[in-house]
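Colleague: Okay, here's the structure, questions in a sec.
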Amino acid sequence: MNRPSLRPSVPLPRLAGQVTLRRLAPEDLAAFQAYRRDPELGRYQGWTPMPDAEAQVFLAQMHAAGPLHPGAWFQLGIADGQSLQLIGDIGLLLSADGSSVEIGYTLARSAQGRGLATLAVREAVALVFECSAASQVLATTDARNRASMRLLERIGMHRVEDRNTLFRGEPCVEITYAIARPLGLGG
């Protein structure tokens with residue numbers, strides 16, 4: 001049976017070592033805005049900072065959203081495993097046909113360098129394969145974002161495509177990585 005989205009009973013929050021994946025919430029506004037307004041952190045991201053009122057609406061929408069609907073991004077919060085304080089987020093985009101999920105991630109600079117993003121992204125990939133019929137997870141990163149490339153390789157993703165493109169008016173090389181559903185894990 002082909003399920004085009006995550007089951008409504010997706011177990012959230014999900015503890016993954018020192019991080020917890022959970023729903024974003026309106027009370028995350030200050031933490032969310034703190035890292036989303038960091039120009040260095042946003043350099044290679046597809047999002048741009050937004051005013052507080054718009055961010056508040058976004059957080060409320062993600063808090064109430066059903067997980068993974070074809071063609072719509074679903075954002076999960078990455079929280080400190082102990083305090084549950086928001087330290088980043090992970091976006092998941094189910095393809096229109098349900099065969100793949102694109103993943104993107106952001107982690108506050110104050111939380112980087114401790115393996116937390118690796119734990120969170122690995123857990124998000126596991127969540128996708130447990131709760132959807134997607135046969136692969138894809139991630140695209142700028143070739144200049146070496147830390148992101150290393151993270152994707154650490155979790156077992158393989159480089160599948162390089163393409164020259166423009167990003168925010170600047171020439172760059174985007175690299176796409178993929179990981180397939182593990183054998184024996186039905187969809």
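Within each chain, counting starts at residue 1; across the structure tokens, chains are named A, B, ... in the order shown, with ligands numbered 1 upward in that order.
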Identify, with DSSP run on backbone atoms, the residues in chain A assigned to strand (DSSP E), and express the list as a PyMOL selection string.
Modeller: chain A and resi 14-16+19-23+73-80+86-94+100-107+136-142+158-167+170-180
Colleague: What would the file look like if the residues just selected were written as a short mmCIF file (atom, residue, chain, number, x, y, z; two decimals), in the first residue's frame with C-alpha atoms?
Modeller:
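The resulting file, selection20.cif, is shown below:
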data_model
loop_
_atom_site.label_atom_id
_atom_site.label_comp_id
_atom_site.auth_asym_id
_atom_site.auth_seq_id
_atom_site.Cartn_x
_atom_site.Cartn_y
_atom_site.Cartn_z
CA ARG A 14 11.52 11.67 19.43
CA LEU A 15 14.64 11.54 21.56
CA ALA A 16 17.83 11.03 19.55
CA VAL A 19 18.57 16.12 20.87
CA THR A 20 14.83 15.78 20.61
CA LEU A 21 12.81 16.15 17.44
CA ARG A 22 9.51 17.82 18.26
CA ARG A 23 6.88 20.06 16.78
CA TRP A 73 7.26 21.62 3.65
CA PHE A 74 6.83 20.28 7.19
CA GLN A 75 9.23 21.73 9.78
CA LEU A 76 10.28 19.84 12.90
CA GLY A 77 12.06 21.50 15.76
CA ILE A 78 15.47 20.31 16.90
CA ALA A 79 15.55 20.78 20.67
CA ASP A 80 18.14 20.24 23.36
CA LEU A 86 14.75 24.98 20.38
CA ILE A 87 18.22 24.95 18.79
CA GLY A 88 17.31 24.40 15.13
CA ASP A 89 14.83 22.91 12.72
CA ILE A 90 14.52 20.32 9.99
CA GLY A 91 12.35 20.72 6.91
CA LEU A 92 10.84 17.74 5.12
CA LEU A 93 9.22 17.98 1.68
CA LEU A 94 7.35 14.95 0.35
CA SER A 100 11.00 10.78 -2.09
CA VAL A 101 11.49 13.34 0.65
CA GLU A 102 13.78 16.35 0.45
CA ILE A 103 15.41 17.29 3.75
CA GLY A 104 16.93 20.58 4.87
CA TYR A 105 18.25 21.56 8.28
CA THR A 106 19.44 24.49 10.33
CA LEU A 107 21.23 24.42 13.68
CA GLN A 136 14.71 7.79 -0.74
CA VAL A 137 15.64 10.96 1.09
CA LEU A 138 17.43 13.72 -0.84
CA ALA A 139 19.42 16.71 0.37
CA THR A 140 20.93 19.55 -1.65
CA THR A 141 23.78 21.69 -0.40
CA ASP A 142 26.06 24.38 -1.76
CA HIS A 158 25.83 9.48 -1.29
CA ARG A 159 26.59 12.26 -3.76
CA VAL A 160 24.37 11.76 -6.81
CA GLU A 161 24.46 15.04 -8.74
CA ASP A 162 26.42 18.27 -9.09
CA ARG A 163 24.89 21.18 -10.97
CA ASN A 164 25.94 24.73 -11.74
CA THR A 165 23.23 27.19 -10.83
CA LEU A 166 22.55 30.66 -9.46
CA PHE A 167 21.65 31.10 -5.80
CA GLU A 170 25.48 34.31 -7.27
CA PRO A 171 26.93 31.42 -9.32
CA CYS A 172 27.38 28.25 -7.29
CA VAL A 173 27.54 24.48 -7.49
CA GLU A 174 24.70 22.62 -5.79
CA ILE A 175 25.38 19.04 -4.77
CA THR A 176 22.54 16.58 -4.28
CA TYR A 177 22.91 13.65 -1.90
CA ALA A 178 20.60 10.65 -1.52
CA ILE A 179 19.99 7.77 0.81
CA ALA A 180 17.71 4.84 -0.07
#
Colleague: Can you measure atom CA of A:Ala147 to atom CA of A:Arg114 for me? One decimal in Å is fine.
Modeller: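 Interatomic distance, atom CA of A:Ala147 to atom CA of A:Arg114: 12.2 Å.
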Colleague: Report as a VMD selection string: the residues of stretch 23-127 of chain A with a DSSP assignment of helix (DSSP H, G or I), based on the backbone of this structure.
Modeller: chain A and resid 26 to 36 39 to 42 52 to 64 109 to 111 116 to 127
Colleague: Find the residue from A:Gly66, A:Ala108, A:Leu84, A:Tyr44 that sits nearest to A:Arg146; use only C-alpha atoms when measuring.
Modeller: A:Tyr44
Colleague: Would you mind listing what lies within 8 Å of A:Pro26 as a CSV table (one decimal) with N, CA, C and O atoms, in the first residue's frame, with only C-alpha atoms counted and same-chain residues fewer than 2 positions away left out?
Modeller:
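Okay, this is what ended up in result_31.csv:
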chain,number,residue,atom,x,y,z
A,24,LEU,N,7.4,22.3,16.2
A,24,LEU,CA,7.7,23.7,16.5
A,24,LEU,C,6.4,24.3,17.2
A,24,LEU,O,5.3,23.7,17.0
A,28,ASP,N,8.3,29.1,20.7
A,28,ASP,CA,9.7,29.0,20.2
A,28,ASP,C,10.2,30.3,19.5
A,28,ASP,O,11.3,30.4,19.0
A,29,LEU,N,9.3,31.3,19.4
A,29,LEU,CA,9.6,32.5,18.6
A,29,LEU,C,11.0,33.1,18.9
A,29,LEU,O,11.8,33.3,17.9
A,56,GLN,N,5.7,34.1,13.9
A,56,GLN,CA,4.7,33.6,14.8
A,56,GLN,C,3.7,32.8,14.1
A,56,GLN,O,3.3,31.7,14.6
A,57,VAL,N,3.2,33.3,13.0
A,57,VAL,CA,2.2,32.6,12.2
A,57,VAL,C,2.8,31.3,11.7
A,57,VAL,O,2.1,30.2,11.7
A,59,LEU,N,5.2,29.4,12.9
A,59,LEU,CA,5.4,28.5,14.0
A,59,LEU,C,4.0,27.9,14.4
A,59,LEU,O,4.0,26.7,14.7
A,60,ALA,N,3.0,28.7,14.5
A,60,ALA,CA,1.7,28.2,14.8
A,60,ALA,C,1.2,27.2,13.7
A,60,ALA,O,0.6,26.2,14.0
A,63,HIS,N,3.1,24.0,14.1
A,63,HIS,CA,2.6,23.3,15.3
A,63,HIS,C,1.3,22.5,15.0
A,63,HIS,O,1.1,21.4,15.5
Colleague: Taking into account only C-alpha atoms, which residue in the set A:Gly46, A:Pro182, A:Gly115, A:Gly156 is nearest to A:Val128?
Modeller: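 Of A:Gly46, A:Pro182, A:Gly115, A:Gly156, the one nearest A:Val128, counting only C-alpha atoms, is A:Pro182.
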